[in-house]
Amino acid sequence: MIHFLNLIRWKNLLMIALVQILIRYALLLPFNETQGVTTTLSPLAFAILVLATLCIAAAGYIINDIYDIDTDKVNKPNKVIIDKYISEKEGYTYFMILNVIGVGLGFYLSHLVNYSSLFIVFFMSSALLYIYSTALKQMFLIGNIVVSIVVALSILVVGIFELIPSMMSLNNISNMLFLEIIRDYAIFAFLINLVREVIKDIEDINGDHKVGMQTMPIVLGRDRANKIAFVLSLIPLFAVVYYIVTSLYKQQILVGYFLVFVVAPLIYITIKIFSAGQRSHYKHISLMLKLVMLTGMLSICIYPFILK
């Protein structure tokens, strides 16, 4: 069981679930009365949304590991699971089962809210993760962008299913405001994950080169890729600062939180990227980016105290 849990990256799945739960229970439901926010999903329907997202994400991790067997044997031999603890055939079986459950639940949920077209969110996420692992991951930057889009979708999907159906039927303007907040968090997740994907490519350059991938550090060289990663890391930093100045300047608690737990770590990360040169450096930067993603998302908890 422990090997299966590690295969589906249970810690990452917990983070996805946590963010979705925070969006519903800390950002949306507290403002049903004070801000006039109208949500669509019942507690059970929301649980189905979370489960569908987690199943699709877990399936994506599995298919990625199946196609990364050779590179993982070089880059992280101690963490190889496929063909060591779980056979490739079993991996494919788990991948199919989780995908069918995830996409099936998404299909059911889209019909439950009477917007069958919303099913495309789950189908597209599943398809993109499969195409990413089988083809796009080997391509220059495209794979990094695609997987970052899927990460952003895991956040945006809550707003899509909770706010859009009721917004369409009731013409609720308040819902649009909160949908924009969720959109901004999704953009933040996209930018942070994009930087992290590039950093991971630099970290895994040896194994990727061995199997003939065409990732950015392989095509341009480690030094140039490092400079691009540095420039990319400035984008979320400037974006957060711009967001603070234009949208949060009246909310001192949020401003203080973002400066301490998001902006300061991002500055530290950009400095570390600029001077990085060893695999251990990139591993540390990757971990820091994951922590910034978490602290950024945890800021959602503050909204009930400032928007009354």
# chains A, B, ... in the order shown; residues from 1 in each chain; ligands from 1
>>> residues_around(residues="segment 204-216 of chain A", least_positions_apart="6", cutoff="12 Å", atoms="only C-alpha atoms", output="NGL selection string")
:A and (67-77 or 133-144 or 197-198 or 222-229 or 278-280 or 282-283 or 286)
>>> closest_atom_pairs(of="segment 3-42 of chain A", to="segment 90-108 of chain A", cutoff="12 Å", atoms="only C-alpha atoms", output="JSON lines")
{"residue": "A:His3", "atom": "CA", "partner": "A:Gly91", "partner_atom": "CA", "distance": 11.4}
{"residue": "A:Phe4", "atom": "CA", "partner": "A:Gly91", "partner_atom": "CA", "distance": 9.2}
{"residue": "A:Leu5", "atom": "CA", "partner": "A:Tyr94", "partner_atom": "CA", "distance": 11.7}
{"residue": "A:Leu7", "atom": "CA", "partner": "A:Gly91", "partner_atom": "CA", "distance": 9.0}
{"residue": "A:Ile8", "atom": "CA", "partner": "A:Phe95", "partner_atom": "CA", "distance": 9.7}
>>> write_last_selection(atoms="C-alpha atoms", output="short mmCIF file (atom, residue, chain, number, x, y, z; two decimals), in the first residue's frame")
data_model
loop_
_atom_site.label_atom_id
_atom_site.label_comp_id
_atom_site.auth_asym_id
_atom_site.auth_seq_id
_atom_site.Cartn_x
_atom_site.Cartn_y
_atom_site.Cartn_z
CA HIS A 3 4.33 1.99 -2.57
CA PHE A 4 0.98 2.71 -4.25
CA LEU A 5 0.52 5.84 -2.12
CA LEU A 7 3.24 6.24 -6.73
CA ILE A 8 0.20 8.52 -6.75
#
>>> residues_around(residues="Ala264 of chain A", least_positions_apart="5", cutoff="10 Å", atoms="only C-alpha atoms", output="PyMOL selection string")
chain A and resi 237+258-259+269+292
>>> write_last_selection(atoms="C-alpha atoms", output="PDB file, in the first residue's frame")
ATOM      1  CA  LEU A 237       7.471  37.782  -7.877  1.00  0.00           C
ATOM      2  CA  PHE A 258       2.014  38.036   1.338  1.00  0.00           C
ATOM      3  CA  LEU A 259       5.163  40.061   2.003  1.00  0.00           C
ATOM      4  CA  ILE A 269      14.350  31.664  -4.570  1.00  0.00           C
ATOM      5  CA  VAL A 292       5.658  28.985  -1.589  1.00  0.00           C
TER       6      VAL A 292
END
>>> closest_residue(among="A:Leu27, A:Met168, A:Met293, A:Ile63", to="Ile131 of chain A", atoms="only C-alpha atoms")
A:Ile63
>>> atom_distance(atom1="atom CA of Leu28 of chain A", atom2="atom CA of Ile56 of chain A")
24.1 Å
>>> closest_residue(among="A:Val158, A:Ile244, A:Ala59, A:Ile267", to="Tyr25 of chain A", atoms="only C-alpha atoms")
A:Val158
>>> closest_residue(among="A:Asp65, A:Glu180, A:Glu162, A:Asp83", to="Thr38 of chain A", atoms="only C-alpha atoms")
A:Glu162
>>> residues_around(residues="Leu294 of chain A", least_positions_apart="2", cutoff="12 Å", atoms="only C-alpha atoms", output="list in words")
Lys11, Asn12, Leu14, Met15, Ile16, Ala17, Leu18, Val19, Leu22, Tyr185, Phe188, Ala189, Ile192, Asn193, Phe261, Val262, Pro265, Leu287, Met288, Leu289, Lys290, Leu291, Val292, Gly296, Met297, Leu298, Ser299, Ile300 and Cys301 of chain A
>>> write_last_selection(atoms="C-alpha atoms", output="PDB file, in the first residue's frame")
ATOM      1  CA  LYS A  11       1.275  14.371  -0.350  1.00  0.00           C
ATOM      2  CA  ASN A  12       0.630  16.329  -3.555  1.00  0.00           C
ATOM      3  CA  LEU A  14      -3.485  16.173  -0.104  1.00  0.00           C
ATOM      4  CA  MET A  15      -2.339  19.648  -1.138  1.00  0.00           C
ATOM      5  CA  ILE A  16      -4.754  19.678  -4.079  1.00  0.00           C
ATOM      6  CA  ALA A  17      -7.625  18.592  -1.826  1.00  0.00           C
ATOM      7  CA  LEU A  18      -6.664  21.157   0.826  1.00  0.00           C
ATOM      8  CA  VAL A  19      -6.670  24.026  -1.673  1.00  0.00           C
ATOM      9  CA  LEU A  22     -10.128  26.118   1.389  1.00  0.00           C
ATOM     10  CA  TYR A 185      -4.849  32.061  -7.425  1.00  0.00           C
ATOM     11  CA  PHE A 188      -0.252  32.181  -9.300  1.00  0.00           C
ATOM     12  CA  ALA A 189      -0.207  28.367  -9.224  1.00  0.00           C
ATOM     13  CA  ILE A 192       5.017  28.936  -9.626  1.00  0.00           C
ATOM     14  CA  ASN A 193       4.606  25.483 -11.132  1.00  0.00           C
ATOM     15  CA  PHE A 261       5.261  34.270   3.358  1.00  0.00           C
ATOM     16  CA  VAL A 262       5.223  34.771  -0.424  1.00  0.00           C
ATOM     17  CA  PRO A 265      10.573  33.475  -0.123  1.00  0.00           C
ATOM     18  CA  LEU A 287      11.200  22.271  -2.494  1.00  0.00           C
ATOM     19  CA  MET A 288      11.080  25.999  -1.724  1.00  0.00           C
ATOM     20  CA  LEU A 289       8.804  26.605  -4.710  1.00  0.00           C
ATOM     21  CA  LYS A 290       6.437  23.913  -3.436  1.00  0.00           C
ATOM     22  CA  LEU A 291       6.407  25.591  -0.013  1.00  0.00           C
ATOM     23  CA  VAL A 292       5.658  28.985  -1.589  1.00  0.00           C
ATOM     24  CA  GLY A 296       0.330  31.290  -1.161  1.00  0.00           C
ATOM     25  CA  MET A 297      -2.743  29.060  -1.130  1.00  0.00           C
ATOM     26  CA  LEU A 298      -3.044  29.182   2.673  1.00  0.00           C
ATOM     27  CA  SER A 299      -3.611  32.934   2.386  1.00  0.00           C
ATOM     28  CA  ILE A 300      -7.186  31.996   1.422  1.00  0.00           C
ATOM     29  CA  CYS A 301      -7.776  31.353   5.141  1.00  0.00           C
TER      30      CYS A 301
END
>>> residues_around(residues="Val151 of chain A", least_positions_apart="5", cutoff="10 Å", atoms="only C-alpha atoms", output="PDB file with N, CA and C atoms, in the first residue's frame")
ATOM      1  N   ILE A  16      -3.685  19.337  -3.137  1.00  0.00           N
ATOM      2  CA  ILE A  16      -4.754  19.678  -4.079  1.00  0.00           C
ATOM      3  C   ILE A  16      -6.097  19.713  -3.358  1.00  0.00           C
ATOM      4  N   ALA A  57      -5.617  13.386 -11.157  1.00  0.00           N
ATOM      5  CA  ALA A  57      -4.237  13.752 -10.814  1.00  0.00           C
ATOM      6  C   ALA A  57      -3.408  12.518 -10.492  1.00  0.00           C
ATOM      7  N   SER A 125      -8.285  17.751 -18.763  1.00  0.00           N
ATOM      8  CA  SER A 125      -7.217  17.536 -17.780  1.00  0.00           C
ATOM      9  C   SER A 125      -6.638  16.139 -17.914  1.00  0.00           C
ATOM     10  N   ILE A 145       4.613  23.965 -19.759  1.00  0.00           N
ATOM     11  CA  ILE A 145       3.433  24.828 -19.804  1.00  0.00           C
ATOM     12  C   ILE A 145       2.157  24.011 -19.637  1.00  0.00           C
ATOM     13  N   VAL A 146       2.086  22.867 -20.301  1.00  0.00           N
ATOM     14  CA  VAL A 146       0.878  22.042 -20.264  1.00  0.00           C
ATOM     15  C   VAL A 146       0.590  21.544 -18.853  1.00  0.00           C
ATOM     16  N   LEU A 156      -9.026  26.274 -10.533  1.00  0.00           N
ATOM     17  CA  LEU A 156     -10.091  26.981 -11.241  1.00  0.00           C
ATOM     18  C   LEU A 156     -11.378  26.166 -11.301  1.00  0.00           C
ATOM     19  N   ALA A 186      -5.263  30.722  -9.415  1.00  0.00           N
ATOM     20  CA  ALA A 186      -4.909  29.743 -10.448  1.00  0.00           C
ATOM     21  C   ALA A 186      -3.722  30.235 -11.268  1.00  0.00           C
ATOM     22  N   ILE A 187      -3.702  31.527 -11.584  1.00  0.00           N
ATOM     23  CA  ILE A 187      -2.573  32.108 -12.324  1.00  0.00           C
ATOM     24  C   ILE A 187      -1.292  32.006 -11.497  1.00  0.00           C
ATOM     25  N   ALA A 189      -0.618  29.774  -9.213  1.00  0.00           N
ATOM     26  CA  ALA A 189      -0.207  28.367  -9.224  1.00  0.00           C
ATOM     27  C   ALA A 189       0.461  28.004 -10.539  1.00  0.00           C
ATOM     28  N   PHE A 190      -0.084  28.523 -11.635  1.00  0.00           N
ATOM     29  CA  PHE A 190       0.509  28.265 -12.955  1.00  0.00           C
ATOM     30  C   PHE A 190       1.943  28.790 -13.015  1.00  0.00           C
ATOM     31  N   ASN A 193       4.365  26.838 -10.639  1.00  0.00           N
ATOM     32  CA  ASN A 193       4.606  25.483 -11.132  1.00  0.00           C
ATOM     33  C   ASN A 193       5.460  25.495 -12.394  1.00  0.00           C
ATOM     34  N   LEU A 194       5.286  26.501 -13.242  1.00  0.00           N
ATOM     35  CA  LEU A 194       6.092  26.607 -14.462  1.00  0.00           C
ATOM     36  C   LEU A 194       7.574  26.752 -14.110  1.00  0.00           C
TER      37      LEU A 194
END
>>> select_by_dssp(residues="segment 8-102 of chain A", states="alpha helix (DSSP H)", output="ChimeraX atom specification")
/A:10-22,43-67,69-75,88-102
>>> atom_distance(atom1="atom CA of Ser174 of chain A", atom2="atom CA of Val37 of chain A")
5.7 Å
>>> closest_residue(among="A:Thr246, A:Ser87, A:Ser233, A:Gln252", to="Ile285 of chain A", atoms="only C-alpha atoms")
A:Ser233
>>> closest_residue(among="A:Leu112, A:Val195, A:Ile182, A:Val255", to="Val157 of chain A", atoms="only C-alpha atoms")
A:Ile182
>>> atom_distance(atom1="atom CA of Ile173 of chain A", atom2="atom CA of Val240 of chain A")
25.0 Å
>>> decode(residues="segment 144-173 of chain A", atoms="N, CA and C atoms", output="PDB file, in the first residue's frame")
ATOM      1  N   ASN A 144       6.245  21.702 -19.951  1.00  0.00           N
ATOM      2  CA  ASN A 144       6.214  22.481 -18.709  1.00  0.00           C
ATOM      3  C   ASN A 144       4.959  23.348 -18.633  1.00  0.00           C
ATOM      4  N   ILE A 145       4.613  23.965 -19.759  1.00  0.00           N
ATOM      5  CA  ILE A 145       3.433  24.828 -19.804  1.00  0.00           C
ATOM      6  C   ILE A 145       2.157  24.011 -19.637  1.00  0.00           C
ATOM      7  N   VAL A 146       2.086  22.867 -20.301  1.00  0.00           N
ATOM      8  CA  VAL A 146       0.878  22.042 -20.264  1.00  0.00           C
ATOM      9  C   VAL A 146       0.590  21.544 -18.853  1.00  0.00           C
ATOM     10  N   VAL A 147       1.591  21.002 -18.181  1.00  0.00           N
ATOM     11  CA  VAL A 147       1.356  20.473 -16.833  1.00  0.00           C
ATOM     12  C   VAL A 147       1.024  21.605 -15.856  1.00  0.00           C
ATOM     13  N   SER A 148       1.552  22.803 -16.096  1.00  0.00           N
ATOM     14  CA  SER A 148       1.228  23.956 -15.251  1.00  0.00           C
ATOM     15  C   SER A 148      -0.216  24.404 -15.468  1.00  0.00           C
ATOM     16  N   ILE A 149      -0.697  24.276 -16.697  1.00  0.00           N
ATOM     17  CA  ILE A 149      -2.101  24.582 -16.991  1.00  0.00           C
ATOM     18  C   ILE A 149      -3.023  23.634 -16.223  1.00  0.00           C
ATOM     19  N   VAL A 150      -2.658  22.360 -16.185  1.00  0.00           N
ATOM     20  CA  VAL A 150      -3.473  21.369 -15.466  1.00  0.00           C
ATOM     21  C   VAL A 150      -3.495  21.682 -13.969  1.00  0.00           C
ATOM     22  N   VAL A 151      -2.364  22.098 -13.422  1.00  0.00           N
ATOM     23  CA  VAL A 151      -2.306  22.486 -12.006  1.00  0.00           C
ATOM     24  C   VAL A 151      -3.254  23.660 -11.754  1.00  0.00           C
ATOM     25  N   ALA A 152      -3.228  24.650 -12.643  1.00  0.00           N
ATOM     26  CA  ALA A 152      -4.122  25.808 -12.507  1.00  0.00           C
ATOM     27  C   ALA A 152      -5.586  25.389 -12.610  1.00  0.00           C
ATOM     28  N   LEU A 153      -5.876  24.446 -13.480  1.00  0.00           N
ATOM     29  CA  LEU A 153      -7.248  23.963 -13.648  1.00  0.00           C
ATOM     30  C   LEU A 153      -7.780  23.299 -12.382  1.00  0.00           C
ATOM     31  N   SER A 154      -6.900  22.635 -11.624  1.00  0.00           N
ATOM     32  CA  SER A 154      -7.336  21.974 -10.386  1.00  0.00           C
ATOM     33  C   SER A 154      -7.852  22.980  -9.373  1.00  0.00           C
ATOM     34  N   ILE A 155      -7.423  24.227  -9.498  1.00  0.00           N
ATOM     35  CA  ILE A 155      -7.905  25.311  -8.633  1.00  0.00           C
ATOM     36  C   ILE A 155      -9.125  25.975  -9.255  1.00  0.00           C
ATOM     37  N   LEU A 156      -9.026  26.274 -10.533  1.00  0.00           N
ATOM     38  CA  LEU A 156     -10.091  26.981 -11.241  1.00  0.00           C
ATOM     39  C   LEU A 156     -11.378  26.166 -11.301  1.00  0.00           C
ATOM     40  N   VAL A 157     -11.252  24.828 -11.288  1.00  0.00           N
ATOM     41  CA  VAL A 157     -12.430  23.969 -11.427  1.00  0.00           C
ATOM     42  C   VAL A 157     -13.435  24.185 -10.291  1.00  0.00           C
ATOM     43  N   VAL A 158     -12.960  24.570  -9.110  1.00  0.00           N
ATOM     44  CA  VAL A 158     -13.873  24.834  -7.991  1.00  0.00           C
ATOM     45  C   VAL A 158     -14.751  26.040  -8.311  1.00  0.00           C
ATOM     46  N   GLY A 159     -14.137  27.098  -8.809  1.00  0.00           N
ATOM     47  CA  GLY A 159     -14.905  28.279  -9.197  1.00  0.00           C
ATOM     48  C   GLY A 159     -15.856  27.996 -10.342  1.00  0.00           C
ATOM     49  N   ILE A 160     -15.401  27.179 -11.289  1.00  0.00           N
ATOM     50  CA  ILE A 160     -16.228  26.848 -12.449  1.00  0.00           C
ATOM     51  C   ILE A 160     -17.508  26.141 -12.020  1.00  0.00           C
ATOM     52  N   PHE A 161     -17.392  25.156 -11.146  1.00  0.00           N
ATOM     53  CA  PHE A 161     -18.563  24.362 -10.752  1.00  0.00           C
ATOM     54  C   PHE A 161     -19.371  24.996  -9.622  1.00  0.00           C
ATOM     55  N   GLU A 162     -18.713  25.758  -8.761  1.00  0.00           N
ATOM     56  CA  GLU A 162     -19.436  26.367  -7.643  1.00  0.00           C
ATOM     57  C   GLU A 162     -20.132  27.670  -8.033  1.00  0.00           C
ATOM     58  N   LEU A 163     -19.509  28.462  -8.895  1.00  0.00           N
ATOM     59  CA  LEU A 163     -19.994  29.821  -9.138  1.00  0.00           C
ATOM     60  C   LEU A 163     -20.684  30.026 -10.481  1.00  0.00           C
ATOM     61  N   ILE A 164     -20.159  29.433 -11.539  1.00  0.00           N
ATOM     62  CA  ILE A 164     -20.685  29.721 -12.883  1.00  0.00           C
ATOM     63  C   ILE A 164     -22.140  29.298 -13.062  1.00  0.00           C
ATOM     64  N   PRO A 165     -22.546  28.069 -12.671  1.00  0.00           N
ATOM     65  CA  PRO A 165     -23.955  27.694 -12.885  1.00  0.00           C
ATOM     66  C   PRO A 165     -24.942  28.646 -12.211  1.00  0.00           C
ATOM     67  N   SER A 166     -24.697  29.008 -10.942  1.00  0.00           N
ATOM     68  CA  SER A 166     -25.612  29.917 -10.253  1.00  0.00           C
ATOM     69  C   SER A 166     -25.491  31.336 -10.789  1.00  0.00           C
ATOM     70  N   MET A 167     -24.300  31.698 -11.269  1.00  0.00           N
ATOM     71  CA  MET A 167     -24.100  33.025 -11.836  1.00  0.00           C
ATOM     72  C   MET A 167     -24.885  33.173 -13.136  1.00  0.00           C
ATOM     73  N   MET A 168     -24.932  32.104 -13.910  1.00  0.00           N
ATOM     74  CA  MET A 168     -25.675  32.115 -15.169  1.00  0.00           C
ATOM     75  C   MET A 168     -27.177  32.229 -14.932  1.00  0.00           C
ATOM     76  N   SER A 169     -27.663  31.513 -13.922  1.00  0.00           N
ATOM     77  CA  SER A 169     -29.101  31.481 -13.680  1.00  0.00           C
ATOM     78  C   SER A 169     -29.606  32.691 -12.899  1.00  0.00           C
ATOM     79  N   LEU A 170     -28.766  33.232 -12.005  1.00  0.00           N
ATOM     80  CA  LEU A 170     -29.203  34.330 -11.142  1.00  0.00           C
ATOM     81  C   LEU A 170     -28.590  35.675 -11.519  1.00  0.00           C
ATOM     82  N   ASN A 171     -27.663  35.655 -12.473  1.00  0.00           N
ATOM     83  CA  ASN A 171     -26.960  36.876 -12.893  1.00  0.00           C
ATOM     84  C   ASN A 171     -26.317  37.567 -11.687  1.00  0.00           C
ATOM     85  N   ASN A 172     -25.621  36.764 -10.875  1.00  0.00           N
ATOM     86  CA  ASN A 172     -25.031  37.239  -9.630  1.00  0.00           C
ATOM     87  C   ASN A 172     -23.668  37.894  -9.878  1.00  0.00           C
ATOM     88  N   ILE A 173     -23.589  39.194  -9.630  1.00  0.00           N
ATOM     89  CA  ILE A 173     -22.343  39.939  -9.863  1.00  0.00           C
ATOM     90  C   ILE A 173     -21.284  39.578  -8.815  1.00  0.00           C
TER      91      ILE A 173
END
